[in-house]
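For reference, query.cif is printed below; it contains mmCIF, C-alpha atoms.
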```cif
data_protein
#
loop_
_atom_site.label_atom_id
_atom_site.label_comp_id
_atom_site.auth_asym_id
_atom_site.auth_seq_id
_atom_site.Cartn_x
_atom_site.Cartn_y
_atom_site.Cartn_z
CA MET A 1 22.90 15.71 1.24
CA SER A 2 20.20 14.73 3.71
CA THR A 3 18.45 11.38 3.77
CA LYS A 4 15.11 11.39 2.01
CA ARG A 5 12.10 10.91 4.28
CA VAL A 6 9.44 8.56 2.97
CA LEU A 7 6.01 8.02 4.47
CA VAL A 8 4.38 4.64 4.03
CA ALA A 9 0.71 5.00 5.00
CA TYR A 10 -1.76 2.13 4.97
CA GLY A 11 -5.45 1.44 5.37
CA THR A 12 -6.30 -2.00 6.70
CA LYS A 13 -9.06 -3.74 8.60
CA HIS A 14 -7.31 -6.83 9.87
CA GLY A 15 -3.59 -6.20 9.47
CA ALA A 16 -2.56 -7.86 6.19
CA THR A 17 -2.01 -4.52 4.44
CA ALA A 18 -0.16 -3.22 7.49
CA GLY A 19 2.23 -6.15 7.09
CA ILE A 20 2.90 -5.17 3.49
CA ALA A 21 3.47 -1.54 4.52
CA GLU A 22 5.89 -2.62 7.25
CA GLN A 23 7.87 -4.71 4.75
CA ILE A 24 8.03 -1.76 2.34
CA GLY A 25 9.21 0.53 5.14
CA LYS A 26 11.84 -1.97 6.31
CA THR A 27 13.20 -2.36 2.77
CA LEU A 28 13.32 1.40 2.19
CA ARG A 29 15.27 1.78 5.45
CA GLU A 30 17.68 -0.97 4.37
CA ASP A 31 18.19 1.06 1.18
CA GLY A 32 19.23 4.07 3.26
CA LEU A 33 15.99 6.05 3.32
CA ASP A 34 14.28 7.41 6.42
CA ALA A 35 10.98 5.53 6.13
CA VAL A 36 8.10 6.02 8.55
CA VAL A 37 5.13 3.61 8.51
CA LEU A 38 1.79 4.90 9.82
CA PRO A 39 -1.90 4.02 9.64
CA ALA A 40 -3.46 6.21 6.94
CA GLY A 41 -6.08 7.45 9.39
CA ASP A 42 -3.32 8.98 11.53
CA VAL A 43 -1.78 10.96 8.66
CA ARG A 44 -2.90 14.58 8.69
CA ASP A 45 -0.04 16.29 6.83
CA VAL A 46 2.54 14.84 4.41
CA ARG A 47 4.62 18.00 3.92
CA ALA A 48 7.44 16.69 6.16
CA TYR A 49 8.10 13.84 3.70
CA ASP A 50 9.99 13.83 0.41
CA ALA A 51 7.95 10.94 -0.98
CA VAL A 52 4.83 8.99 0.00
CA VAL A 53 3.58 5.44 -0.48
CA ILE A 54 -0.11 4.81 0.31
CA GLY A 55 -1.58 1.34 0.45
CA GLY A 56 -5.05 0.05 1.01
CA ALA A 57 -6.83 -3.24 1.33
CA LEU A 58 -9.36 -4.16 -1.33
CA TYR A 59 -12.75 -5.35 -0.14
CA GLY A 60 -15.29 -6.23 -2.80
CA GLY A 61 -13.48 -4.09 -5.35
CA HIS A 62 -13.33 -1.06 -3.05
CA TRP A 63 -10.09 0.44 -1.74
CA SER A 64 -9.74 1.09 1.98
CA SER A 65 -11.64 4.25 2.92
CA LYS A 66 -8.82 5.26 5.29
CA ALA A 67 -6.26 5.08 2.46
CA ARG A 68 -8.61 6.92 0.11
CA HIS A 69 -9.33 9.67 2.66
CA CYS A 70 -5.60 10.04 3.39
CA ALA A 71 -4.90 10.61 -0.30
CA GLU A 72 -7.78 13.06 -0.67
CA ARG A 73 -6.98 14.96 2.54
CA ASN A 74 -3.38 15.46 1.37
CA ALA A 75 -3.94 15.72 -2.39
CA ASP A 76 -2.52 19.24 -2.77
CA SER A 77 0.74 18.30 -1.04
CA LEU A 78 0.96 14.88 -2.68
CA ARG A 79 0.90 16.42 -6.16
CA HIS A 80 4.25 18.07 -5.34
CA ARG A 81 6.20 14.94 -4.38
CA PRO A 82 6.70 11.39 -5.70
CA VAL A 83 3.79 9.13 -4.75
CA TRP A 84 3.18 5.42 -5.20
CA LEU A 85 -0.01 3.51 -4.38
CA PHE A 86 -0.54 -0.15 -3.65
CA SER A 87 -3.48 -2.44 -3.04
CA SER A 88 -3.71 -5.79 -1.32
CA GLY A 89 -6.49 -8.20 -1.78
CA PRO A 90 -6.54 -11.06 -4.24
CA LEU A 91 -6.86 -14.30 -2.31
CA ASP A 92 -4.95 -16.28 -4.90
CA ARG A 93 -1.64 -16.06 -6.80
CA SER A 94 -3.03 -13.81 -9.57
CA ALA A 95 -1.09 -10.76 -8.34
CA GLU A 96 2.14 -12.71 -8.92
CA GLU A 97 1.10 -14.10 -12.28
CA HIS A 98 0.29 -10.80 -13.98
CA ASP A 99 -0.04 -7.10 -13.30
CA ILE A 100 -3.46 -6.29 -11.93
CA PRO A 101 -4.60 -2.80 -12.85
CA PRO A 102 -5.92 -0.59 -10.08
CA VAL A 103 -9.64 -0.72 -9.36
CA ALA A 104 -11.58 2.34 -10.52
CA ALA A 105 -11.42 4.11 -7.13
CA VAL A 106 -7.63 3.68 -6.96
CA ALA A 107 -7.23 4.86 -10.56
CA ARG A 108 -9.11 8.05 -9.58
CA GLU A 109 -6.83 8.54 -6.56
CA MET A 110 -3.78 8.01 -8.76
CA GLN A 111 -4.93 10.80 -11.04
CA LEU A 112 -5.89 13.06 -8.12
CA VAL A 113 -2.44 12.86 -6.47
CA GLY A 114 -0.33 12.33 -9.59
CA ALA A 115 0.90 8.92 -8.47
CA ARG A 116 3.79 7.45 -10.41
CA GLU A 117 2.69 3.86 -10.13
CA HIS A 118 0.33 1.35 -8.55
CA MET A 119 1.03 -2.23 -7.52
CA THR A 120 -1.38 -4.95 -6.42
CA PHE A 121 -0.18 -7.55 -3.93
CA GLY A 122 -1.94 -10.67 -2.77
CA GLY A 123 -4.00 -10.48 0.40
CA SER A 124 -4.36 -12.65 3.44
CA ILE A 125 -7.25 -14.24 5.30
CA THR A 126 -6.26 -16.80 7.90
CA ALA A 127 -7.86 -18.46 10.92
CA ARG A 128 -6.73 -15.42 12.97
CA THR A 129 -8.61 -12.96 10.74
CA PRO A 130 -11.71 -11.78 12.62
CA GLY A 131 -15.14 -11.31 11.13
CA PHE A 132 -18.01 -13.24 9.62
CA LEU A 133 -16.88 -12.72 6.02
CA ALA A 134 -13.37 -14.00 6.78
CA LYS A 135 -14.75 -17.12 8.45
CA ALA A 136 -17.11 -17.73 5.52
CA LEU A 137 -14.28 -17.42 3.00
CA LEU A 138 -12.16 -19.84 5.02
CA ARG A 139 -15.03 -22.36 5.09
CA GLN A 140 -15.21 -22.04 1.29
CA GLY A 141 -11.50 -22.81 1.04
CA LYS A 142 -10.66 -19.29 -0.17
CA GLY A 143 -8.34 -18.30 2.65
CA GLY A 144 -4.58 -18.19 2.83
CA ASP A 145 -1.72 -15.75 2.92
CA TYR A 146 -0.92 -14.66 -0.63
CA ARG A 147 1.44 -11.82 0.25
CA ASN A 148 4.79 -12.47 -1.43
CA PRO A 149 7.57 -10.88 0.66
CA GLU A 150 10.09 -11.03 -2.19
CA ARG A 151 7.74 -9.25 -4.58
CA ILE A 152 7.06 -6.59 -1.93
CA ARG A 153 10.80 -6.08 -1.35
CA THR A 154 11.48 -5.89 -5.09
CA TRP A 155 8.88 -3.14 -5.50
CA ALA A 156 10.27 -1.24 -2.50
CA HIS A 157 13.79 -1.45 -3.99
CA HIS A 158 12.31 -0.07 -7.22
CA ILE A 159 10.93 2.93 -5.27
CA SER A 160 14.34 3.46 -3.62
CA ALA A 161 16.04 3.40 -7.01
CA GLU A 162 13.61 5.97 -8.42
CA LEU A 163 14.20 8.25 -5.45
CA ALA A 164 17.97 7.93 -5.85
CA ALA A 165 17.85 8.80 -9.57
#
```
Here is a file; write its structure as structure tokens.
Amino acid sequence: MSTKRVLVAYGTKHGATAGIAEQIGKTLREDGLDAVVLPAGDVRDVRAYDAVVIGGALYGGHWSSKARHCAERNADSLRHRPVWLFSSGPLDRSAEEHDIPPVAAVAREMQLVGAREHMTFGGSITARTPGFLAKALLRQGKGGDYRNPERIRTWAHHISAELAA
């Protein structure tokens, strides 16, 4: 039996979502899967993969356009394989305290591609995050890194278990 190939695609502006995608890919590889992590904008065809995970950053309640376009561009192929979606964004611990349902745009993408599940992870804005909005949020005391590596790994192990079943 061949090793299942899993694509982890992400849409990010400043790298926090890429970090989540990399952790998911690393965990899937530790679980024995052949996981490839790519920017969503670079993904043109998902047919070479047995399963796909697509993640996008949330900005003002909107999912990353690169993640959204990746899902839409590949919708026909995605409907024929297991798909999971994730979002990153809350700049607090709320994603750890309770399940956060997908924003409306992500819910539409879930339906379009037949996604099995969606997960929201905390986001990150630090002093190294570029941009006026990031600096303004930091001045307001709303910055920080709220990505929980253990929660990300747990979800990736869950995906591995589903693919093994």
Just want the 7 Å neighbourhood of range 5-21 of chain A, counted on only C-alpha atoms, with same-chain residues fewer than 4 positions away dropped. Output as a JSON list (two decimals) with C-alpha atoms, in the coordinates of the input.
```
[["chain", "number", "residue", "atom", "x", "y", "z"],
["A", 25, "GLY", "CA", 9.21, 0.53, 5.14],
["A", 33, "LEU", "CA", 15.99, 6.05, 3.32],
["A", 34, "ASP", "CA", 14.28, 7.41, 6.42],
["A", 35, "ALA", "CA", 10.98, 5.53, 6.13],
["A", 36, "VAL", "CA", 8.10, 6.02, 8.55],
["A", 37, "VAL", "CA", 5.13, 3.61, 8.51],
["A", 38, "LEU", "CA", 1.79, 4.90, 9.82],
["A", 39, "PRO", "CA", -1.90, 4.02, 9.64],
["A", 40, "ALA", "CA", -3.46, 6.21, 6.94],
["A", 49, "TYR", "CA", 8.10, 13.84, 3.70],
["A", 50, "ASP", "CA", 9.99, 13.83, 0.41],
["A", 51, "ALA", "CA", 7.95, 10.94, -0.98],
["A", 52, "VAL", "CA", 4.83, 8.99, 0.00],
["A", 53, "VAL", "CA", 3.58, 5.44, -0.48],
["A", 54, "ILE", "CA", -0.11, 4.81, 0.31],
["A", 55, "GLY", "CA", -1.58, 1.34, 0.45],
["A", 56, "GLY", "CA", -5.05, 0.05, 1.01],
["A", 57, "ALA", "CA", -6.83, -3.24, 1.33],
["A", 64, "SER", "CA", -9.74, 1.09, 1.98],
["A", 66, "LYS", "CA", -8.82, 5.26, 5.29],
["A", 67, "ALA", "CA", -6.26, 5.08, 2.46],
["A", 88, "SER", "CA", -3.71, -5.79, -1.32],
["A", 123, "GLY", "CA", -4.00, -10.48, 0.40],
["A", 124, "SER", "CA", -4.36, -12.65, 3.44],
["A", 129, "THR", "CA", -8.61, -12.96, 10.74],
["A", 152, "ILE", "CA", 7.06, -6.59, -1.93]]
```
Residue among A:Ser77, A:Ser160, A:Ser65, A:Gln23 lying closest to Arg147 in chain A, counting only C-alpha atoms = A:Gln23
Computed interatomic separation between CA of Met119 in chain A and CA of Val103 in chain A (Å) =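 Result for CA of Met119 in chain A versus CA of Val103 in chain A: 10.9 Å, one decimal.
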Interatomic distance, CA of Asp92 in chain A to CA of Tyr146 in chain A (Å, one decimal) =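 Separation of CA of Asp92 in chain A and CA of Tyr146 in chain A: 6.1 Å.
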ask   = If you count all atoms listed in the file, which residues fall within 9 Å of Thr120 in chain A, apart from same-chain ones fewer than 2 positions away, as an MDAnalysis selection string?
value = chainID A and resid 85:90 95:96 99:102 118 122
Nearest-residue call for Arg93 in chain A, choices A:Asn148, A:Gln111, A:Asn74, A:Ser2, using only C-alpha atoms =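 Under the stated criterion, the closest residue is A:Asn148.
CA of Ala107 in chain A is found 14.8 Å from CA of Arg79 in chain A.
Closest to Ile125 in chain A among A:Asp76, A:Ala104, A:Arg44, A:Tyr59 is A:Tyr59, based on all atoms listed in the file.
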message = Using all atoms listed in the file for the distances, tell me which of A:Lys142, A:Arg73, A:Arg108, A:Arg81 is nearest to Lys4 in chain A.
response = A:Arg81
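The residues returned by the PyMOL selection byres ((chain A and resi 157) around 12) on the shown structure are A:Gln23, A:Ile24, A:Gly25, A:Lys26, A:Thr27, A:Leu28, A:Arg29, A:Glu30, A:Asp31, A:Gly32, A:Leu33, A:Glu150, A:Arg151, A:Ile152, A:Arg153, A:Thr154, A:Trp155, A:Ala156, A:His158, A:Ile159, A:Ser160, A:Ala161, A:Glu162, A:Leu163, A:Ala164.
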request  = List the neighbours of Gly143 in chain A out to 9 Å using only C-alpha atoms; skip same-chain residues closer than 4 positions along the sequence, and give me the result as a list in words.
outcome  = Leu91, Asp92, Ser124, Ile125, Thr126, Ala127, Ala134, Lys135, Leu137, Leu138 and Arg139 of chain A
